[in-house]
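Q: Structure file input04.cif, mmCIF, C-alpha atoms and all ligand atoms, is pasted below:
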```cif
data_work
#
loop_
_atom_site.label_atom_id
_atom_site.label_comp_id
_atom_site.auth_asym_id
_atom_site.auth_seq_id
_atom_site.Cartn_x
_atom_site.Cartn_y
_atom_site.Cartn_z
CA MET A 1 -49.91 29.88 -41.69
CA THR A 2 -50.48 26.35 -40.34
CA ALA A 3 -53.42 24.43 -41.79
CA MET A 4 -54.34 23.13 -38.34
CA THR A 5 -54.54 26.36 -36.36
CA GLY A 6 -54.74 29.15 -38.92
CA ARG A 7 -52.11 30.93 -36.84
CA PRO A 8 -48.73 32.01 -38.19
CA ALA A 9 -46.16 29.23 -37.96
CA ALA A 10 -43.03 29.85 -35.91
CA GLY A 11 -40.83 32.27 -37.81
CA GLU A 12 -43.60 33.43 -40.12
CA ASN A 13 -44.08 36.73 -38.29
CA GLU A 14 -40.38 37.44 -38.62
CA ARG A 15 -40.59 36.68 -42.32
CA ARG A 16 -43.57 39.02 -42.68
CA ILE A 17 -41.70 41.81 -40.93
CA LEU A 18 -38.77 41.22 -43.29
CA GLN A 19 -41.11 41.32 -46.29
CA ARG A 20 -42.80 44.54 -45.11
CA ASP A 21 -39.41 46.13 -44.64
CA PRO A 22 -38.26 48.12 -47.69
CA ALA A 23 -34.85 46.45 -47.61
CA PRO A 24 -32.49 44.77 -45.20
CA HIS A 25 -30.36 47.38 -43.46
CA LEU A 26 -27.30 46.26 -45.41
CA PHE A 27 -28.99 47.35 -48.61
CA ARG A 28 -30.35 50.70 -47.51
CA PRO A 29 -28.68 53.67 -49.21
CA ILE A 30 -26.83 56.28 -47.21
CA ASP A 31 -25.99 59.89 -48.01
CA LEU A 32 -22.49 61.22 -47.36
CA ARG A 33 -22.19 64.92 -48.17
CA SER A 34 -23.29 65.18 -51.84
CA ILE A 35 -23.06 61.48 -52.71
CA THR A 36 -25.40 58.57 -52.13
CA VAL A 37 -23.97 55.10 -51.57
CA LYS A 38 -26.44 52.42 -52.71
CA ASN A 39 -25.67 50.00 -49.87
CA ARG A 40 -23.45 49.61 -46.81
CA ILE A 41 -20.84 47.31 -48.34
CA MET A 42 -17.38 48.72 -48.97
CA MET A 43 -14.61 46.76 -50.60
CA SER A 44 -11.58 47.03 -48.35
CA PRO A 45 -8.38 48.45 -49.81
CA MET A 46 -6.14 45.51 -50.64
CA CYS A 47 -2.61 45.81 -52.01
CA GLN A 48 -2.03 43.64 -55.06
CA TYR A 49 1.74 44.25 -55.16
CA SER A 50 1.43 44.11 -58.93
CA ALA A 51 2.14 47.66 -60.10
CA SER A 52 5.22 48.82 -62.04
CA ASP A 53 6.63 52.22 -61.12
CA GLY A 54 3.43 52.77 -59.14
CA LEU A 55 1.27 52.33 -62.27
CA THR A 56 -1.88 50.23 -62.16
CA ASP A 57 -2.52 47.88 -65.07
CA ASP A 58 -5.15 45.44 -66.36
CA TRP A 59 -4.89 43.33 -63.19
CA HIS A 60 -5.98 46.26 -61.03
CA PHE A 61 -8.72 47.15 -63.48
CA ALA A 62 -10.15 43.64 -63.52
CA HIS A 63 -9.78 43.26 -59.74
CA LEU A 64 -11.68 46.45 -58.95
CA ALA A 65 -14.12 46.31 -61.86
CA ALA A 66 -15.25 42.82 -60.79
CA ARG A 67 -16.21 44.03 -57.32
CA ALA A 68 -18.15 46.95 -58.81
CA VAL A 69 -20.01 44.50 -61.07
CA GLY A 70 -20.51 42.30 -58.01
CA GLY A 71 -22.54 44.99 -56.25
CA ALA A 72 -20.30 46.62 -53.62
CA GLY A 73 -21.51 50.13 -52.74
CA ILE A 74 -17.97 51.51 -52.42
CA VAL A 75 -14.99 50.06 -54.27
CA CYS A 76 -11.71 51.21 -52.75
CA VAL A 77 -8.37 51.15 -54.52
CA GLU A 78 -5.56 49.62 -52.44
CA ALA A 79 -3.07 51.66 -50.42
CA THR A 80 -1.88 54.19 -52.99
CA HIS A 81 1.36 55.79 -51.98
CA VAL A 82 1.93 59.49 -52.15
CA GLU A 83 5.66 59.26 -52.85
CA ALA A 84 7.99 56.52 -54.12
CA ARG A 85 9.76 56.33 -50.74
CA GLY A 86 6.39 55.68 -49.13
CA ARG A 87 5.74 52.37 -50.91
CA ILE A 88 5.75 49.05 -49.10
CA THR A 89 7.14 47.06 -52.05
CA HIS A 90 8.30 47.72 -55.59
CA GLY A 91 4.85 46.50 -56.68
CA CYS A 92 2.81 49.10 -54.79
CA VAL A 93 0.52 51.60 -56.47
CA GLY A 94 1.43 55.28 -56.41
CA LEU A 95 -0.12 58.64 -57.16
CA TRP A 96 2.83 60.98 -57.36
CA ASN A 97 2.63 61.62 -61.10
CA ASP A 98 0.06 62.28 -63.81
CA ALA A 99 0.63 58.97 -65.62
CA GLN A 100 -0.42 57.13 -62.45
CA ARG A 101 -3.47 59.41 -62.18
CA ASP A 102 -4.52 58.69 -65.76
CA ARG A 103 -4.39 54.90 -65.29
CA LEU A 104 -6.45 55.21 -62.10
CA ALA A 105 -8.98 57.45 -63.86
CA ARG A 106 -9.99 54.53 -66.10
CA ILE A 107 -10.76 52.44 -63.01
CA ALA A 108 -12.68 55.24 -61.27
CA GLU A 109 -14.76 55.84 -64.41
CA PHE A 110 -15.75 52.17 -64.77
CA VAL A 111 -16.58 51.75 -61.08
CA ALA A 112 -18.80 54.86 -61.15
CA ALA A 113 -20.50 53.72 -64.36
CA ARG A 114 -21.45 50.48 -62.56
CA GLY A 115 -23.24 52.50 -59.86
CA ALA A 116 -20.56 52.02 -57.20
CA VAL A 117 -18.67 54.83 -55.52
CA PRO A 118 -14.99 54.90 -56.53
CA ALA A 119 -12.73 55.35 -53.50
CA ILE A 120 -8.97 55.42 -53.07
CA GLN A 121 -6.82 54.90 -50.01
CA LEU A 122 -3.90 57.34 -49.75
CA ALA A 123 -0.94 56.02 -47.82
CA HIS A 124 2.69 56.31 -46.80
CA ALA A 125 4.39 53.15 -45.56
CA GLY A 126 6.96 54.95 -43.39
CA ARG A 127 9.37 52.54 -41.71
CA LYS A 128 7.46 49.46 -43.02
CA GLY A 129 8.54 50.19 -46.59
CA SER A 130 11.29 48.63 -48.70
CA VAL A 131 10.30 44.99 -48.30
CA SER A 132 9.64 42.17 -50.76
CA ARG A 133 6.13 41.18 -51.87
CA PRO A 134 4.19 38.85 -49.53
CA TRP A 135 4.68 35.86 -51.85
CA GLN A 136 8.43 36.61 -51.66
CA GLY A 137 8.36 36.67 -47.85
CA THR A 138 7.88 40.40 -46.95
CA LYS A 139 11.62 40.52 -46.24
CA PRO A 140 13.62 43.75 -46.00
CA LEU A 141 15.09 44.42 -49.44
CA LYS A 142 18.84 44.19 -49.98
CA PRO A 143 20.68 46.99 -51.80
CA GLU A 144 21.01 44.75 -54.90
CA GLU A 145 17.22 44.28 -54.84
CA GLY A 146 16.67 48.03 -54.98
CA ALA A 147 16.27 48.79 -51.26
CA TRP A 148 15.57 52.39 -50.39
CA GLU A 149 15.90 54.51 -47.26
CA VAL A 150 12.71 54.46 -45.21
CA ILE A 151 11.49 57.23 -42.93
CA GLY A 152 9.69 57.30 -39.60
CA PRO A 153 9.10 59.42 -36.53
CA SER A 154 12.12 57.95 -34.74
CA ALA A 155 15.15 55.85 -35.66
CA LEU A 156 13.46 52.62 -34.52
CA PRO A 157 13.04 49.72 -36.95
CA HIS A 158 9.66 47.99 -37.33
CA ALA A 159 11.21 44.65 -36.37
CA PRO A 160 14.70 43.17 -36.00
CA GLY A 161 16.38 43.01 -39.42
CA HIS A 162 14.27 45.81 -40.89
CA GLY A 163 15.85 49.08 -42.02
CA VAL A 164 16.42 51.71 -39.35
CA PRO A 165 14.28 54.62 -40.54
CA ARG A 166 15.59 58.13 -40.94
CA ALA A 167 13.81 60.17 -38.26
CA VAL A 168 12.13 62.90 -40.25
CA ASP A 169 12.95 66.54 -39.60
CA ARG A 170 10.47 69.38 -40.02
CA GLY A 171 11.43 69.84 -43.67
CA LEU A 172 10.71 66.20 -44.48
CA ILE A 173 7.44 66.31 -42.56
CA ALA A 174 6.35 69.26 -44.69
CA GLU A 175 7.34 67.32 -47.84
CA VAL A 176 5.21 64.35 -46.81
CA VAL A 177 2.22 66.57 -46.04
CA ASP A 178 2.61 68.26 -49.44
CA ALA A 179 2.78 64.84 -51.10
CA PHE A 180 -0.56 63.88 -49.51
CA ALA A 181 -2.07 67.14 -50.79
CA ALA A 182 -0.75 66.58 -54.33
CA ALA A 183 -2.04 62.99 -54.38
CA THR A 184 -5.43 64.25 -53.20
CA ARG A 185 -5.56 66.71 -56.08
CA ARG A 186 -4.75 63.91 -58.53
CA ALA A 187 -7.35 61.62 -56.94
CA ARG A 188 -9.93 64.34 -57.50
CA GLU A 189 -8.79 64.81 -61.11
CA ALA A 190 -9.02 61.03 -61.63
CA GLY A 191 -12.70 61.08 -60.62
CA PHE A 192 -12.64 59.42 -57.21
CA GLN A 193 -15.50 60.33 -54.88
CA VAL A 194 -14.12 59.11 -51.55
CA ILE A 195 -10.62 59.34 -50.13
CA GLU A 196 -9.61 57.09 -47.29
CA LEU A 197 -6.56 58.34 -45.43
CA HIS A 198 -4.49 55.38 -44.20
CA SER A 199 -3.52 56.03 -40.60
CA ALA A 200 -3.46 52.39 -39.47
CA HIS A 201 -1.50 49.13 -39.63
CA GLY A 202 1.81 50.57 -38.48
CA TYR A 203 2.38 52.83 -41.47
CA LEU A 204 3.69 56.38 -41.28
CA LEU A 205 0.69 58.29 -39.87
CA HIS A 206 0.03 55.53 -37.34
CA GLU A 207 3.75 55.46 -36.46
CA PHE A 208 3.38 59.05 -35.30
CA LEU A 209 0.26 58.23 -33.24
CA SER A 210 1.73 55.29 -31.35
CA PRO A 211 4.07 55.86 -28.41
CA LEU A 212 5.75 52.56 -29.34
CA SER A 213 7.14 53.98 -32.59
CA ASN A 214 7.17 57.69 -31.81
CA ARG A 215 9.87 58.70 -29.30
CA ARG A 216 10.30 62.27 -30.50
CA ASP A 217 10.79 65.14 -28.13
CA ASP A 218 9.67 67.94 -30.46
CA GLU A 219 6.13 69.16 -31.23
CA PHE A 220 5.40 65.87 -33.12
CA GLY A 221 6.11 63.53 -30.20
CA GLY A 222 5.39 62.98 -26.52
CA SER A 223 1.92 64.22 -25.62
CA PHE A 224 -1.30 63.07 -27.30
CA ALA A 225 -1.63 66.49 -28.94
CA ASN A 226 1.88 66.21 -30.36
CA ARG A 227 1.54 62.61 -31.61
CA THR A 228 -1.73 63.42 -33.41
CA ARG A 229 -0.30 66.61 -34.98
CA LEU A 230 0.94 65.01 -38.20
CA LEU A 231 -2.39 63.27 -38.85
CA LEU A 232 -4.30 66.51 -38.27
CA GLN A 233 -1.92 68.53 -40.46
CA THR A 234 -2.27 65.89 -43.16
CA LEU A 235 -6.06 66.04 -42.87
CA ASP A 236 -5.90 69.83 -43.28
CA ALA A 237 -3.76 69.39 -46.41
CA VAL A 238 -6.02 66.69 -47.84
CA ARG A 239 -9.17 68.71 -47.15
CA SER A 240 -7.64 71.77 -48.80
CA GLU A 241 -7.51 69.80 -52.09
CA TRP A 242 -10.65 67.70 -51.59
CA PRO A 243 -14.01 69.31 -52.40
CA SER A 244 -16.17 70.00 -49.35
CA GLN A 245 -19.06 68.15 -51.05
CA LEU A 246 -17.08 64.88 -51.11
CA PRO A 247 -16.59 62.56 -48.13
CA LEU A 248 -13.32 61.72 -46.43
CA PHE A 249 -12.69 58.49 -44.51
CA VAL A 250 -9.83 57.76 -42.11
CA ARG A 251 -8.64 54.26 -41.34
CA LEU A 252 -7.33 53.93 -37.79
CA SER A 253 -5.89 51.07 -35.82
CA ILE A 254 -8.19 51.44 -32.83
CA THR A 255 -5.65 49.57 -30.69
CA ASP A 256 -2.05 48.40 -31.11
CA TRP A 257 -2.86 45.23 -29.11
CA MET A 258 0.35 45.99 -27.17
CA PRO A 259 0.98 47.23 -23.62
CA GLY A 260 2.08 50.86 -23.71
CA GLY A 261 0.71 51.30 -27.23
CA TRP A 262 -2.06 53.34 -28.81
CA ASP A 263 -5.36 52.09 -27.40
CA VAL A 264 -9.14 52.40 -27.51
CA ALA A 265 -9.22 55.41 -25.15
CA ASP A 266 -6.77 57.24 -27.45
CA SER A 267 -8.93 56.40 -30.46
CA ILE A 268 -12.06 57.71 -28.77
CA GLU A 269 -10.30 60.96 -27.89
CA LEU A 270 -8.99 61.35 -31.44
CA CYS A 271 -12.37 60.57 -33.02
CA ARG A 272 -14.11 63.12 -30.79
CA LEU A 273 -11.61 65.64 -32.11
CA LEU A 274 -12.28 64.56 -35.70
CA LYS A 275 -16.00 64.87 -35.12
CA ALA A 276 -15.57 68.39 -33.70
CA ARG A 277 -13.36 69.43 -36.64
CA GLY A 278 -15.98 68.17 -39.08
CA ASP A 279 -13.58 67.21 -41.87
CA VAL A 280 -13.86 63.41 -41.54
CA ASP A 281 -17.09 61.62 -42.41
CA VAL A 282 -16.35 57.99 -41.56
CA VAL A 283 -13.78 56.29 -39.34
CA ASP A 284 -12.80 52.86 -40.69
CA CYS A 285 -12.04 50.93 -37.51
CA SER A 286 -9.18 48.49 -38.02
CA SER A 287 -6.44 47.46 -35.60
CA GLY A 288 -2.83 46.47 -35.09
CA GLY A 289 0.20 46.53 -37.34
CA ILE A 290 2.66 48.52 -35.25
CA ASP A 291 4.38 45.55 -33.61
CA PRO A 292 4.67 42.02 -35.00
CA ARG A 293 4.29 40.60 -31.47
CA GLN A 294 0.62 41.68 -31.38
CA ALA A 295 -1.90 38.93 -30.58
CA PRO A 296 -5.42 40.00 -31.61
CA PRO A 297 -8.27 37.67 -30.57
CA LEU A 298 -9.30 36.67 -34.09
CA HIS A 299 -12.87 35.50 -34.66
CA PRO A 300 -15.68 36.48 -37.06
CA GLY A 301 -16.54 40.14 -36.63
CA TYR A 302 -13.90 40.60 -33.92
CA LEU A 303 -13.46 44.32 -34.64
CA VAL A 304 -17.16 45.23 -34.81
CA PRO A 305 -17.15 46.22 -31.10
CA PHE A 306 -14.54 48.89 -31.91
CA ALA A 307 -16.72 50.38 -34.65
CA GLU A 308 -19.62 50.34 -32.20
CA THR A 309 -17.64 51.98 -29.40
CA ILE A 310 -16.23 54.74 -31.60
CA ARG A 311 -19.67 55.40 -33.12
CA ARG A 312 -21.28 55.66 -29.70
CA GLU A 313 -18.53 57.52 -27.82
CA ALA A 314 -17.47 59.96 -30.54
CA GLY A 315 -20.80 60.30 -32.37
CA ILE A 316 -19.12 59.78 -35.73
CA ALA A 317 -20.05 57.34 -38.51
CA THR A 318 -17.95 54.19 -38.56
CA ALA A 319 -17.03 51.29 -40.78
CA ALA A 320 -16.50 47.82 -39.33
CA VAL A 321 -13.85 45.54 -40.82
CA GLY A 322 -12.24 42.21 -39.98
CA LEU A 323 -13.44 38.68 -40.70
CA ILE A 324 -16.93 39.70 -41.75
CA GLY A 325 -17.87 36.82 -44.00
CA THR A 326 -21.60 36.15 -43.79
CA PRO A 327 -24.57 38.32 -44.80
CA GLU A 328 -26.10 37.76 -41.35
CA LEU A 329 -23.05 39.13 -39.53
CA ALA A 330 -22.94 42.14 -41.83
CA GLU A 331 -26.69 42.78 -41.50
CA GLU A 332 -26.51 42.52 -37.70
CA ALA A 333 -23.78 45.17 -37.49
CA ILE A 334 -25.73 47.65 -39.60
CA ALA A 335 -29.22 46.84 -38.28
CA ASN A 336 -28.14 47.28 -34.66
CA ARG A 337 -26.37 50.55 -35.53
CA ARG A 338 -23.00 49.21 -34.51
CA ALA A 339 -21.51 50.57 -37.73
CA ASP A 340 -22.62 52.51 -40.80
CA PHE A 341 -20.63 50.37 -43.24
CA VAL A 342 -19.14 46.91 -43.32
CA VAL A 343 -15.77 46.72 -45.05
CA LEU A 344 -15.02 43.40 -46.69
CA GLY A 345 -11.58 42.23 -47.70
CA ARG A 346 -11.06 38.52 -48.06
CA ALA A 347 -14.77 37.73 -48.42
CA LEU A 348 -14.74 39.82 -51.61
CA LEU A 349 -11.53 38.20 -52.85
CA HIS A 350 -13.24 34.86 -52.31
CA ASP A 351 -16.42 35.95 -54.07
CA PRO A 352 -16.60 39.20 -56.08
CA TYR A 353 -20.39 38.73 -56.19
CA TRP A 354 -20.68 38.57 -52.39
CA PRO A 355 -23.08 41.58 -52.30
CA LEU A 356 -25.42 40.05 -54.90
CA HIS A 357 -25.38 36.72 -53.08
CA ALA A 358 -25.95 38.50 -49.74
CA ALA A 359 -28.93 40.35 -51.22
CA LYS A 360 -30.47 37.03 -52.14
CA ALA A 361 -29.74 35.49 -48.73
CA LEU A 362 -31.28 38.49 -46.94
CA LYS A 363 -34.22 38.65 -49.35
CA ALA A 364 -33.43 42.15 -50.52
CA ALA A 365 -35.89 42.51 -53.36
CA ALA A 366 -34.62 45.51 -55.22
CA VAL A 367 -30.96 44.72 -55.82
CA PRO A 368 -30.53 44.40 -59.56
CA TRP A 369 -28.03 42.11 -61.23
CA PRO A 370 -26.08 43.50 -64.15
CA VAL A 371 -28.41 43.13 -67.12
CA GLN A 372 -25.73 41.16 -68.95
CA TYR A 373 -25.81 38.52 -66.17
CA GLU A 374 -29.54 38.50 -65.44
CA ARG A 375 -30.04 35.04 -66.92
CA ALA A 376 -27.68 33.66 -64.28
CA ASN A 377 -29.85 34.91 -61.43
CA ILE A 378 -31.64 31.57 -61.13
CA PHE A 379 -29.89 29.80 -58.26
C1 LIG B 1 -4.27 40.91 -49.89
C2 LIG B 1 -4.51 41.96 -48.84
C3 LIG B 1 -4.02 43.24 -49.02
C4 LIG B 1 -4.30 44.25 -48.08
N1 LIG B 1 -3.90 45.54 -48.33
C5 LIG B 1 -4.37 46.54 -47.55
C6 LIG B 1 -4.24 47.90 -47.92
O1 LIG B 1 -3.78 48.22 -49.02
N2 LIG B 1 -4.67 48.84 -47.06
C7 LIG B 1 -5.27 48.52 -45.87
O2 LIG B 1 -5.64 49.41 -45.11
N3 LIG B 1 -5.45 47.24 -45.51
C8 LIG B 1 -5.05 46.26 -46.34
N4 LIG B 1 -5.33 44.95 -46.02
C9 LIG B 1 -6.21 44.69 -44.88
C10 LIG B 1 -7.66 44.64 -45.38
O3 LIG B 1 -8.05 45.86 -45.96
C11 LIG B 1 -8.63 44.29 -44.25
O4 LIG B 1 -8.59 45.33 -43.30
C12 LIG B 1 -8.26 42.98 -43.57
O5 LIG B 1 -8.00 41.98 -44.55
C13 LIG B 1 -9.35 42.50 -42.64
O6 LIG B 1 -10.58 42.37 -43.32
P1 LIG B 1 -11.10 40.95 -43.89
O7 LIG B 1 -11.09 40.00 -42.75
O8 LIG B 1 -12.47 41.25 -44.44
O9 LIG B 1 -10.15 40.50 -44.97
C14 LIG B 1 -5.03 43.93 -46.93
C15 LIG B 1 -5.48 42.62 -46.73
C16 LIG B 1 -5.27 41.66 -47.68
C17 LIG B 1 -5.85 40.28 -47.47
#
```
For the structure just supplied, provide its representation as structure tokens.
A:
Amino acid sequence: MTAMTGRPAAGENERRILQRDPAPHLFRPIDLRSITVKNRIMMSPMCQYSASDGLTDDWHFAHLAARAVGGAGIVCVEATHVEARGRITHGCVGLWNDAQRDRLARIAEFVAARGAVPAIQLAHAGRKGSVSRPWQGTKPLKPEEGAWEVIGPSALPHAPGHGVPRAVDRGLIAEVVDAFAAATRRAREAGFQVIELHSAHGYLLHEFLSPLSNRRDDEFGGSFANRTRLLLQTLDAVRSEWPSQLPLFVRLSITDWMPGGWDVADSIELCRLLKARGDVDVVDCSSGGIDPRQAPPLHPGYLVPFAETIRREAGIATAAVGLIGTPELAEEAIANRRADFVVLGRALLHDPYWPLHAAKALKAAAVPWPVQYERANIF
């Protein structure tokens, strides 16, 4: 109110609307099957390359626990590989045995106790496996470094110098599908409440989708129906072990950013199919990874239009990822129904308390700090 006119000052109406509102859209809960997520912020799965024999340790616990304490609605464990051959590096997390499950259970329990939803991304690296850790150059491993044989839809390497994958036969395809089912069972036993199936970034399931990596001439290659067959069979296997009251996410690369590759029209068609099948709850809309020559137009929120397009065209809930760094950008995506979730990677590495800080910036009144840290909520 201005003293001179008694009328609201510029911006005051907007502030009043914000105050009347129960919460900014970013902090409104959402129901997915039987679970309620307290806000729309999901921590993106991020490999730490720090496991031994696929086992998580205190690093992974601290890394994920901190983001649960920091207020993320969903905390997702990094790409967790369903068989040893499906790892990217020797440091990748796995879920092919009970010891791995039991370590992960401790993380899931803590995340849930903090009021966040524990999620896990199940993955198979396919032909992009058997490389060194990023800080060692992501180079193809040599035999003396413990290289292993990688698999893929066709005998085409990811890039020059990378291992030529063994083109999987039907028997091996069935083994991989079974491995996804077994990992799903263990994820359930460990107490996770969301599974994200990794079908993006040039890893095995995406390799089958993309005509650039899939040159098969059997029922798993060629037509759209054939290239999507492995993903759909894997979804069937995962759903058979995953309770119907728990949600399932799929991460897709909406485009390969390459001529002749998988593209937005393919993603729309696939997501319409997923919607009709009813087994997938949220499509996490990422991009790229199949060909190192890709050139995505990077800028803040550059993938939000994909989440919006898939949501509108396929009528399925979506998650937007990619260079979302500010509360305003995140709020805009949710408020304008461009996505149902924002998925934050590097912003949460930079600041584990990003959600608590965003709540303050957006004036979300009812977002509690951990009681242990309440005295720090003064800035
Ligand atoms: C350190 C690191 C590890 C990553 N590991 C994974 C992974 O395990 N699975 C995955 O789907 N994406 C992975 N990504 C990609 C992120 O999940 C995310 O999609 C990407 O970083 C873009 O989001 P951002 O701009 O918010 O970081 C990783 C990214 C980073 C920075």
Q: Kindly provide, as a list in words, all nucleotide and amino acid residues lying within 6 Å of ligand LIG 1 (chain B), counting all atoms listed in the file.
A: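 Those residues are Ser44, Pro45, Met46, Cys47, Glu78, Ala79, Val321, Gly322, Leu323, Ile324, Leu344, Gly345, Arg346 and Ala347 of chain A.
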Q: Can I get the residues of stretch 50-90 of chain A within 10 Å of stretch 174-193 of chain A, each with the closest pair of atoms and their distance in Å to one decimal, using all atoms listed in the file, sorted chain first then ascending number, as a tab-separated table?
A:
```
residue	atom	partner	partner_atom	distance
A:Ile74	CA	A:Gln193	CA	9.5
A:Cys76	CA	A:Phe192	CA	9.4
A:Val77	CA	A:Phe192	CA	9.7
A:Thr80	CA	A:Ala183	CA	8.9
A:His81	CA	A:Ala183	CA	8.3
A:Val82	CA	A:Ala179	CA	5.5
A:Glu83	CA	A:Ala179	CA	6.5
A:Gly86	CA	A:Val176	CA	9.1
```
Q: Extract, using all atoms listed in the file, all DNA, RNA and protein residues at most 9 Å from A:Ala320, discarding same-chain residues fewer than 5 positions from it, and format them as a list in words.
A: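 Here the qualifying residues turn out to be Val283, Asp284, Cys285, Ser286, Gly301, Leu303, Val304, Pro305, Phe306, Ala307, Glu308, Ala330, Ala333, Arg338, Ala339, Asp340, Phe341, Val342, Val343 and Leu344 of chain A.
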Q: When you draw a straight line from atom CA of A:Leu212 to atom CA of A:Gly261, how long is it in Å?
A: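 It comes out at 5.6 Å.
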Q: Please list as number ranges by chain every residue within 7 Å of A:Ala314, counting all atoms listed in the file and excluding residues in the same chain fewer than 5 positions away.
A: A: 268, 271-272, 275
Q: Between atom CA of A:Gly288 and atom CA of A:Thr228, what is the spacing in Å?
A: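 One can read the atom CA of A:Thr228 to atom CA of A:Gly288 distance as 17.1 Å.
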Q: What's around A:Leu204 at 12 Å? Count only C-alpha atoms, leave out sequence neighbours fewer than 4 positions away in its own chain, and write the answer as number ranges by chain.
A: A: 81-82, 85-88, 122-129, 150-154, 158, 165, 167-168, 173, 176-177, 180, 197-200, 208-210, 213-214, 227-228, 230-231, 234, 252, 289-290
